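Everything below belongs to start13.cif, which stores mmCIF, C-alpha atoms.
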data_run
#
loop_
_atom_site.label_atom_id
_atom_site.label_comp_id
_atom_site.auth_asym_id
_atom_site.auth_seq_id
_atom_site.Cartn_x
_atom_site.Cartn_y
_atom_site.Cartn_z
CA MET A 1 -133.03 -42.53 -7.51
CA ILE A 2 -134.43 -39.91 -9.89
CA ILE A 3 -138.13 -40.17 -10.75
CA ILE A 4 -139.35 -38.48 -13.92
CA VAL A 5 -143.11 -38.04 -13.91
CA GLY A 6 -144.41 -37.97 -17.48
CA ALA A 7 -143.14 -39.78 -20.58
CA GLY A 8 -143.72 -37.08 -23.13
CA ALA A 9 -141.05 -35.24 -25.08
CA HIS A 10 -139.69 -33.33 -22.08
CA GLY A 11 -139.57 -36.31 -19.75
CA LEU A 12 -137.97 -38.57 -22.34
CA SER A 13 -135.55 -35.85 -23.46
CA LEU A 14 -134.44 -35.50 -19.84
CA ALA A 15 -134.07 -39.27 -19.55
CA TYR A 16 -132.09 -39.40 -22.81
CA HIS A 17 -129.68 -36.68 -21.64
CA LEU A 18 -129.31 -38.26 -18.18
CA LYS A 19 -128.40 -41.54 -19.87
CA LYS A 20 -125.76 -39.75 -21.95
CA LYS A 21 -124.25 -38.56 -18.67
CA GLY A 22 -124.11 -42.12 -17.34
CA VAL A 23 -126.85 -41.69 -14.74
CA LYS A 24 -128.21 -45.17 -13.98
CA ASP A 25 -130.93 -44.89 -11.31
CA VAL A 26 -133.87 -43.34 -13.17
CA LEU A 27 -137.54 -44.36 -13.02
CA ILE A 28 -140.09 -42.93 -15.48
CA ILE A 29 -143.76 -42.95 -14.49
CA GLU A 30 -146.37 -42.30 -17.19
CA MET A 31 -150.12 -42.29 -16.57
CA LYS A 32 -151.34 -43.56 -19.97
CA ARG A 33 -148.88 -44.19 -22.79
CA ILE A 34 -145.77 -42.68 -24.33
CA GLY A 35 -146.60 -39.19 -25.59
CA TYR A 36 -150.21 -39.29 -24.37
CA GLY A 37 -150.34 -35.54 -23.72
CA SER A 38 -149.23 -32.62 -25.86
CA SER A 39 -146.21 -34.41 -27.33
CA SER A 40 -148.38 -36.41 -29.72
CA ARG A 41 -151.05 -33.72 -30.15
CA ASN A 42 -149.33 -30.84 -31.92
CA ALA A 43 -148.57 -29.39 -35.34
CA SER A 44 -144.78 -29.98 -35.24
CA ARG A 45 -143.41 -26.51 -35.95
CA TYR A 46 -140.43 -24.53 -34.75
CA ARG A 47 -139.85 -20.78 -34.68
CA TYR A 48 -137.45 -18.10 -33.50
CA HIS A 49 -140.05 -15.34 -33.59
CA PHE A 50 -141.55 -14.60 -30.20
CA TYR A 51 -142.85 -11.45 -28.56
CA SER A 52 -140.66 -11.48 -25.45
CA GLU A 53 -136.91 -11.07 -25.71
CA GLU A 54 -136.43 -13.88 -23.19
CA ASN A 55 -138.23 -16.44 -25.37
CA ILE A 56 -136.38 -15.21 -28.46
CA GLU A 57 -133.05 -15.72 -26.69
CA TYR A 58 -134.15 -19.18 -25.60
CA ALA A 59 -135.21 -20.08 -29.15
CA LEU A 60 -131.89 -18.83 -30.53
CA LYS A 61 -130.21 -21.57 -28.50
CA ALA A 62 -132.92 -24.21 -28.56
CA ILE A 63 -133.66 -24.33 -32.30
CA PRO A 64 -130.04 -24.81 -33.46
CA TYR A 65 -129.76 -27.52 -30.80
CA LEU A 66 -132.96 -29.16 -32.10
CA ILE A 67 -131.53 -29.21 -35.63
CA SER A 68 -128.03 -30.47 -34.75
CA HIS A 69 -129.19 -32.86 -32.02
CA SER A 70 -131.72 -34.54 -34.34
CA LYS A 71 -128.81 -35.97 -36.35
CA GLU A 72 -127.81 -38.20 -33.44
CA LEU A 73 -131.31 -39.60 -32.93
CA PHE A 74 -132.39 -43.05 -34.07
CA LEU A 75 -135.25 -41.87 -36.31
CA ASN A 76 -135.15 -39.13 -38.95
CA SER A 77 -137.05 -36.12 -37.60
CA ALA A 78 -137.52 -34.66 -41.11
CA ILE A 79 -136.61 -31.10 -40.09
CA TYR A 80 -136.99 -28.54 -42.86
CA LYS A 81 -137.44 -24.78 -43.27
CA THR A 82 -140.85 -23.54 -44.31
CA GLY A 83 -141.09 -20.02 -42.95
CA TYR A 84 -143.97 -18.38 -41.07
CA LEU A 85 -146.33 -15.91 -42.76
CA TRP A 86 -148.50 -13.61 -40.63
CA ILE A 87 -151.51 -11.94 -42.26
CA LEU A 88 -151.80 -8.39 -40.89
CA ARG A 89 -155.37 -7.16 -41.20
CA SER A 90 -155.23 -3.83 -39.34
CA GLU A 91 -152.96 -0.84 -38.83
CA GLU A 92 -152.67 -1.84 -35.19
CA HIS A 93 -151.46 -5.30 -36.18
CA ILE A 94 -148.96 -3.80 -38.64
CA SER A 95 -147.69 -1.40 -35.97
CA ILE A 96 -147.11 -4.29 -33.54
CA PHE A 97 -145.13 -6.18 -36.15
CA LYS A 98 -143.03 -3.12 -37.01
CA LYS A 99 -141.90 -3.03 -33.38
CA LEU A 100 -141.33 -6.77 -33.39
CA ASP A 101 -139.42 -6.54 -36.66
CA SER A 102 -137.01 -4.06 -35.05
CA LEU A 103 -136.49 -6.43 -32.14
CA TRP A 104 -136.07 -9.44 -34.43
CA LYS A 105 -133.60 -7.59 -36.66
CA SER A 106 -131.52 -6.78 -33.58
CA LYS A 107 -131.33 -10.56 -33.00
CA ASN A 108 -130.45 -11.28 -36.68
CA ILE A 109 -133.76 -13.00 -37.33
CA GLY A 110 -135.56 -10.19 -39.10
CA GLY A 111 -138.13 -11.01 -41.78
CA LYS A 112 -139.84 -8.73 -44.25
CA PHE A 113 -143.15 -7.01 -44.92
CA ILE A 114 -144.65 -8.08 -48.25
CA ASN A 115 -147.94 -8.01 -50.10
CA CYS A 116 -149.68 -11.28 -49.30
CA LYS A 117 -150.37 -11.79 -53.00
CA GLU A 118 -146.67 -12.52 -53.53
CA PHE A 119 -147.89 -15.94 -52.44
CA ASP A 120 -150.10 -16.31 -55.48
CA TYR A 121 -152.36 -18.95 -53.94
CA LEU A 122 -153.61 -16.48 -51.30
CA SER A 123 -156.71 -14.42 -52.02
CA PHE A 124 -156.00 -11.76 -49.37
CA ASP A 125 -154.73 -8.49 -50.83
CA GLY A 126 -152.91 -6.76 -48.00
CA VAL A 127 -149.82 -6.73 -45.82
CA CYS A 128 -148.11 -9.89 -44.60
CA TYR A 129 -145.00 -10.45 -42.53
CA TYR A 130 -142.76 -13.27 -43.73
CA ALA A 131 -140.13 -14.92 -41.49
CA PRO A 132 -138.25 -17.51 -43.58
CA GLN A 133 -136.10 -18.92 -40.76
CA ASN A 134 -138.82 -21.02 -39.12
CA GLY A 135 -139.83 -24.53 -40.03
CA ALA A 136 -141.31 -27.93 -39.36
CA PHE A 137 -140.31 -31.37 -38.11
CA HIS A 138 -141.91 -34.69 -37.21
CA HIS A 139 -142.64 -34.76 -33.49
CA ASP A 140 -143.26 -38.50 -33.21
CA TYR A 141 -139.82 -39.35 -34.59
CA ILE A 142 -138.15 -37.24 -31.91
CA LEU A 143 -140.38 -38.66 -29.19
CA TYR A 144 -139.88 -42.29 -30.16
CA SER A 145 -136.16 -41.84 -30.77
CA TYR A 146 -135.89 -40.91 -27.11
CA TYR A 147 -138.09 -43.84 -26.09
CA ILE A 148 -136.05 -46.33 -28.11
CA SER A 149 -132.86 -44.97 -26.57
CA VAL A 150 -133.93 -45.21 -22.92
CA LYS A 151 -136.46 -48.06 -22.72
CA ASP A 152 -133.87 -50.77 -22.05
CA SER A 153 -131.88 -48.67 -19.57
CA TYR A 154 -134.61 -47.18 -17.41
CA LYS A 155 -137.74 -48.76 -16.00
CA ILE A 156 -141.02 -47.23 -17.19
CA VAL A 157 -144.10 -47.68 -14.98
CA PHE A 158 -147.56 -46.99 -16.39
CA ASP A 159 -149.59 -45.58 -13.51
CA LYS A 160 -150.87 -42.11 -12.61
CA VAL A 161 -148.97 -40.21 -9.95
CA SER A 162 -151.53 -38.96 -7.46
CA GLU A 163 -149.27 -37.32 -4.90
CA ILE A 164 -145.76 -35.98 -4.43
CA VAL A 165 -144.45 -37.26 -1.10
CA THR A 166 -142.44 -34.81 0.99
CA GLY A 167 -141.00 -34.67 4.48
CA SER A 168 -138.61 -32.45 6.47
CA GLY A 169 -138.57 -29.97 3.61
CA LYS A 170 -137.41 -32.53 1.06
CA VAL A 171 -139.01 -34.63 -1.63
CA LYS A 172 -139.27 -38.30 -0.68
CA GLY A 173 -140.93 -39.85 -3.70
CA VAL A 174 -144.38 -40.22 -5.24
CA LYS A 175 -147.58 -42.19 -4.70
CA THR A 176 -149.66 -43.51 -7.57
CA GLU A 177 -153.37 -44.12 -8.00
CA SER A 178 -152.81 -47.87 -7.70
CA GLY A 179 -151.54 -47.27 -4.15
CA LYS A 180 -147.83 -47.80 -4.81
CA LEU A 181 -145.14 -45.71 -3.17
CA PHE A 182 -141.96 -45.02 -5.14
CA GLU A 183 -139.13 -43.54 -3.11
CA ALA A 184 -136.72 -41.11 -4.72
CA ASP A 185 -133.94 -38.65 -3.99
CA LYS A 186 -135.16 -36.34 -6.75
CA VAL A 187 -138.52 -35.94 -8.51
CA VAL A 188 -138.97 -34.10 -11.80
CA LEU A 189 -142.37 -33.03 -13.08
CA THR A 190 -142.54 -33.15 -16.87
CA THR A 191 -146.29 -33.53 -16.72
CA GLY A 192 -147.38 -30.71 -19.02
CA ALA A 193 -150.97 -29.63 -18.50
CA TRP A 194 -151.28 -31.96 -15.48
CA SER A 195 -148.44 -30.27 -13.56
CA GLY A 196 -150.65 -27.71 -11.85
CA GLU A 197 -152.86 -30.21 -10.07
CA LEU A 198 -149.85 -32.07 -8.65
CA LEU A 199 -148.28 -28.86 -7.37
CA GLN A 200 -151.55 -27.73 -5.82
CA LYS A 201 -151.73 -30.91 -3.73
CA ILE A 202 -148.56 -29.88 -1.88
CA ASN A 203 -149.75 -26.27 -1.50
CA ILE A 204 -147.69 -24.81 -4.33
CA PRO A 205 -149.59 -22.40 -6.60
CA PRO A 206 -150.49 -24.39 -9.71
CA TYR A 207 -149.27 -21.83 -12.28
CA ILE A 208 -150.24 -24.15 -15.18
CA GLU A 209 -153.72 -24.57 -16.66
CA PRO A 210 -154.83 -26.77 -19.58
CA GLU A 211 -156.41 -25.11 -22.60
CA ARG A 212 -157.79 -27.44 -25.26
CA LYS A 213 -156.90 -26.81 -28.91
CA GLU A 214 -158.13 -28.61 -32.03
CA ILE A 215 -156.21 -29.49 -35.17
CA PHE A 216 -157.59 -30.66 -38.52
CA ILE A 217 -155.97 -32.32 -41.52
CA THR A 218 -157.44 -32.31 -45.01
CA GLU A 219 -157.14 -34.94 -47.69
CA PRO A 220 -153.82 -34.65 -49.58
CA ILE A 221 -153.53 -32.41 -52.63
CA LYS A 222 -150.56 -31.12 -54.61
CA TYR A 223 -147.97 -29.55 -52.28
CA PHE A 224 -147.95 -25.77 -52.68
CA ILE A 225 -148.36 -24.13 -49.24
CA LYS A 226 -144.87 -24.05 -47.76
CA PRO A 227 -145.03 -21.54 -44.85
CA LEU A 228 -147.18 -21.75 -41.79
CA ILE A 229 -149.83 -19.09 -42.44
CA ILE A 230 -151.22 -17.34 -39.37
CA ASP A 231 -154.43 -15.31 -39.63
CA LYS A 232 -156.65 -13.86 -36.90
CA ASP A 233 -158.95 -16.91 -36.74
CA ILE A 234 -156.97 -19.82 -38.20
CA TYR A 235 -153.46 -21.04 -38.93
CA PHE A 236 -152.41 -23.70 -41.44
CA SER A 237 -149.67 -25.12 -43.60
CA GLN A 238 -149.15 -28.23 -45.68
CA THR A 239 -147.36 -31.47 -44.93
CA LEU A 240 -144.93 -32.93 -47.45
CA LYS A 241 -147.64 -35.50 -48.24
CA GLY A 242 -149.90 -32.66 -49.37
CA GLU A 243 -152.34 -32.56 -46.45
CA ILE A 244 -153.32 -29.10 -45.22
CA ILE A 245 -152.89 -29.07 -41.45
CA GLY A 246 -154.02 -26.36 -39.08
CA GLY A 247 -156.35 -25.18 -36.40
CA THR A 248 -158.54 -22.37 -35.18
CA GLU A 249 -157.83 -19.55 -32.76
CA THR A 250 -161.11 -19.89 -30.85
CA LYS A 251 -160.77 -19.14 -27.15
CA THR A 252 -162.07 -21.94 -24.91
CA GLU A 253 -162.55 -22.27 -21.20
CA ARG A 254 -159.55 -23.56 -19.30
CA GLY A 255 -159.70 -27.05 -17.88
CA PHE A 256 -159.48 -30.72 -18.77
CA LEU A 257 -162.08 -30.84 -21.52
CA SER A 258 -162.42 -34.17 -23.30
CA PHE A 259 -160.13 -35.03 -26.19
CA THR A 260 -162.56 -34.57 -29.06
CA ILE A 261 -163.10 -32.36 -32.09
CA SER A 262 -166.18 -30.32 -32.90
CA ILE A 263 -168.14 -29.91 -36.13
CA LYS A 264 -168.35 -26.18 -35.40
CA GLU A 265 -164.57 -25.72 -35.24
CA MET A 266 -164.04 -27.95 -38.25
CA GLY A 267 -166.49 -25.77 -40.20
CA LYS A 268 -164.74 -22.63 -39.03
CA PHE A 269 -161.39 -24.03 -40.15
CA LEU A 270 -162.67 -25.06 -43.58
CA GLN A 271 -164.46 -21.75 -44.11
CA GLY A 272 -161.36 -19.74 -43.19
CA LEU A 273 -159.20 -21.93 -45.39
CA LYS A 274 -161.45 -21.51 -48.42
CA GLN A 275 -161.62 -17.74 -47.93
CA LEU A 276 -157.82 -17.44 -47.91
CA VAL A 277 -156.63 -20.08 -50.37
CA LYS A 278 -157.65 -20.11 -54.01
CA ASN A 279 -159.10 -23.10 -55.84
CA ILE A 280 -159.57 -25.53 -52.93
CA TYR A 281 -163.37 -25.69 -52.85
CA GLY A 282 -164.53 -29.23 -52.23
CA ILE A 283 -161.53 -30.24 -50.17
CA GLY A 284 -162.47 -32.55 -47.30
CA ILE A 285 -161.25 -33.12 -43.77
CA LEU A 286 -159.41 -36.42 -43.41
CA ARG A 287 -158.93 -36.46 -39.64
CA GLY A 288 -158.44 -34.29 -36.58
CA TRP A 289 -157.50 -34.32 -32.94
CA SER A 290 -157.42 -32.16 -29.85
CA GLY A 291 -154.82 -31.61 -27.18
CA TYR A 292 -153.87 -29.26 -24.37
CA TYR A 293 -151.76 -26.16 -24.39
CA GLU A 294 -150.22 -25.97 -20.89
CA MET A 295 -150.75 -22.27 -20.19
CA THR A 296 -148.93 -20.16 -17.61
CA PRO A 297 -149.77 -16.58 -16.53
CA ASP A 298 -147.18 -15.15 -18.95
CA ASN A 299 -147.45 -17.81 -21.67
CA SER A 300 -143.89 -18.98 -21.03
CA HIS A 301 -142.45 -22.15 -19.61
CA ILE A 302 -141.32 -23.02 -16.09
CA MET A 303 -137.95 -24.68 -15.45
CA GLY A 304 -135.92 -25.66 -12.44
CA TYR A 305 -137.38 -25.26 -8.96
CA GLY A 306 -138.82 -22.70 -6.57
CA GLU A 307 -136.92 -21.19 -3.67
CA GLU A 308 -139.61 -22.34 -1.22
CA TRP A 309 -140.21 -25.73 -2.83
CA PRO A 310 -139.33 -29.03 -1.16
CA GLU A 311 -135.67 -29.71 -1.83
CA ASN A 312 -134.96 -31.79 -4.97
CA LEU A 313 -138.38 -31.22 -6.54
CA TYR A 314 -137.96 -29.95 -10.12
CA ILE A 315 -140.24 -28.98 -12.98
CA ASP A 316 -140.02 -28.57 -16.74
CA ALA A 317 -143.48 -27.69 -18.07
CA GLY A 318 -145.89 -24.89 -18.99
CA TYR A 319 -144.71 -24.28 -22.54
CA SER A 320 -147.97 -22.65 -23.66
CA GLY A 321 -148.00 -24.11 -27.17
CA HIS A 322 -144.28 -24.17 -27.98
CA GLY A 323 -143.06 -27.13 -25.94
CA MET A 324 -142.19 -29.70 -28.59
CA MET A 325 -139.64 -27.52 -30.36
CA PHE A 326 -137.91 -26.77 -27.05
CA ALA A 327 -137.95 -30.31 -25.63
CA PRO A 328 -134.48 -31.41 -26.78
CA TYR A 329 -132.70 -28.31 -25.44
CA SER A 330 -134.75 -28.14 -22.24
CA GLY A 331 -134.00 -31.80 -21.54
CA LYS A 332 -130.30 -31.09 -21.87
CA LEU A 333 -130.43 -28.11 -19.49
CA MET A 334 -132.51 -30.04 -16.96
CA ALA A 335 -130.07 -32.97 -17.08
CA ASP A 336 -127.17 -30.58 -16.47
CA LEU A 337 -129.01 -29.16 -13.46
CA ILE A 338 -130.16 -32.45 -11.93
CA ALA A 339 -127.04 -34.53 -12.55
CA ASP A 340 -124.31 -31.88 -12.23
CA ASN A 341 -125.99 -28.92 -10.46
CA LYS A 342 -125.03 -26.84 -13.48
CA LYS A 343 -127.39 -23.87 -13.68
CA ASP A 344 -127.85 -22.30 -17.07
CA PRO A 345 -128.83 -18.59 -17.00
CA ALA A 346 -132.25 -19.69 -18.29
CA PHE A 347 -133.08 -21.06 -14.85
CA SER A 348 -133.07 -17.59 -13.31
CA ILE A 349 -135.37 -16.31 -16.09
CA PHE A 350 -137.92 -19.14 -16.24
CA THR A 351 -138.02 -20.01 -12.55
CA PRO A 352 -141.49 -20.54 -11.02
CA ASP A 353 -140.62 -17.82 -8.49
CA ARG A 354 -141.05 -15.15 -11.17
CA PHE A 355 -144.82 -15.21 -10.65
CA ALA A 356 -144.66 -14.32 -6.96
CA LYS A 357 -141.98 -11.72 -7.69
CA ASN A 358 -144.08 -10.24 -10.51
CA LYS A 359 -141.30 -10.72 -13.07
CA LEU A 360 -143.60 -11.89 -15.85
CA LEU A 361 -142.23 -12.34 -19.35
CA LYS A 362 -145.35 -11.16 -21.20
CA GLU A 363 -145.24 -13.50 -24.19
CA ASN A 364 -148.05 -12.26 -26.45
CA LEU A 365 -147.28 -14.23 -29.60
CA VAL A 366 -148.94 -17.57 -28.84
CA ILE A 367 -149.84 -19.64 -31.89
#
Translate the structure described by the file into structure tokens.
Amino acid sequence: MIIIVGAGAHGLSLAYHLKKKGVKDVLIIEMKRIGYGSSSRNASRYRYHFYSEENIEYALKAIPYLISHSKELFLNSAIYKTGYLWILRSEEHISIFKKLDSLWKSKNIGGKFINCKEFDYLSFDGVCYYAPQNGAFHHDYILYSYYISVKDSYKIVFDKVSEIVTGSGKVKGVKTESGKLFEADKVVLTTGAWSGELLQKINIPPYIEPERKEIFITEPIKYFIKPLIIDKDIYFSQTLKGEIIGGTETKTERGFLSFTISIKEMGKFLQGLKQLVKNIYGIGILRGWSGYYEMTPDNSHIMGYGEEWPENLYIDAGYSGHGMMFAPYSGKLMADLIADNKKDPAFSIFTPDRFAKNKLLKENLVI
């Protein structure tokens, strides 16, 4: 029996890929509802452009897989290219992007430096960096495609896992808050921001901390903002319906803060938007939400297992704001590992042991 803890994009992607392999004995345990965590609380973007070479290499495999794999899913994920546009407000910022541009060009994903006013709706007169290869998709259609595909093959239990049960150096199963014990040969944590607290209970360093982020969506207007625009305080783009969607870059304390949005951050978002985009005065906020980034010490994800972990305990979490775009590919790699013991080279790079060994990836381009 394989237990997957967490029915978000990574858990359901793993389940989907296990089903494709013909694996029959799988139980999924979800504490609230399908996609309760970060999988339904994000801005649905994909990108190749990272700071660390390791994350770039991962994206170079994961994004093409996202695009091709989406064609086999039940629902249309509406994947399309939009580009990313970074506003560079200082010489230091420009210098950083010149170094990154050299790295990106070596990986055949180079962009270009332009005057921001080439996008005539922007009021900022200065240097921008434009990466046209990146894009957008609809996260819910990926998530629920997986759910539709596995719901009749695998049992899904709605209960919160309170403890990972181990014995003789091996995983034995999990206990839930309702007092139930589920035995298993293998347990996989795809629990996002909640992964750290489960690891800590069995004396494994938590590695993962929640950091709440807020997103706002305006009323729809004529579609004209194609790229995701990233400034020092805000980021935003436009949906195909014409809503401007984005958030703020305000640092918050780590921890499980309540899922809510603040008037202060909404005001900051609107103010930044109106300063950067021409002729949108009077636009109103339609709705908003908050969710957790699952942050690790090097802002990069954790896959596989630790050398000192209980045998057959696995993890796929800690994506630090870029988990949804990687979920399809990560689910495939995790299924290969768990079902066939096939270890992709990524498992040696993103192992949880890298923290104790001080082999941090230093991902500094978190959006």
Centre and size of axis-aligned box enclosing stretch 207-226 of chain A plus 4 Å each side, as lines of an AutoDock Vina configuration file:
center_x = -151.5
center_y = -28.4
center_z = -33.4
size_x = 21.3
size_y = 21.1
size_z = 50.3
(request) Quick one: apply the PyMOL selection byres ((chain A and resi 183) around 8) to the file and drop the selected residues here as a list in words. (result) Met1, Lys172, Gly173, Val174, Leu181, Phe182, Ala184 and Asp185 of chain A
(message) Distance cut-off 12 Å, centre (-164.7, -34.0, -45.4) in file coordinates, counting only C-alpha atoms: which residues qualify? Return them as a VMD selection string.
(response) chain A and resid 216 to 220 263 266 to 267 269 to 270 281 to 288
(request) Please determine the residues with any atom at most 10 Å from (-130.4, -39.5, -19.3) (coordinates as given in the file, with all atoms listed in the file counting) and report them as a ChimeraX atom specification. (result) /A:11-26,146,149-150,153-154,331-332,334-336,339
(request) Find, counting all atoms listed in the file, the residue in A:Thr239, A:Leu189, A:Leu103, A:Ile261 that gets nearest to A:Ile215. (result)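 Nearest candidate to A:Ile215 out of A:Thr239, A:Leu189, A:Leu103, A:Ile261: A:Ile261.
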(message) Would you pick out the contacts of A:Phe113 at 7 Å or less, using all atoms listed in the file, so that residues sharing its chain but fewer than 5 positions from it are not included, and give the list as a ChimeraX atom specification?
(response) /A:127-130
(message) Under the rule that only C-alpha atoms are counted, which of A:Tyr207, A:Tyr48, A:Phe74, A:Tyr58 is the nearest residue to A:Gly111?
(response)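 Checking each candidate against A:Gly111, we get A:Tyr48 as the closest.
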(message) Could you check the closest approach to A:Met324 for each of A:His139, A:Lys117, A:Lys343, A:Lys112 and tell me which residue wins, using all atoms listed in the file?
(response) A:His139
(message) Under the PyMOL selection byres ((chain A and resi 202) around 12), which residues of this model are included? Write them out as a ChimeraX atom specification.
(response) /A:162-167,169-171,174,195-201,203-206,308-310,313
(message) From the options A:Glu211, A:Glu118, A:Glu243, A:Glu30, which residue's atoms come nearest to A:Asp159, counting only C-alpha atoms?
(response) A:Glu30
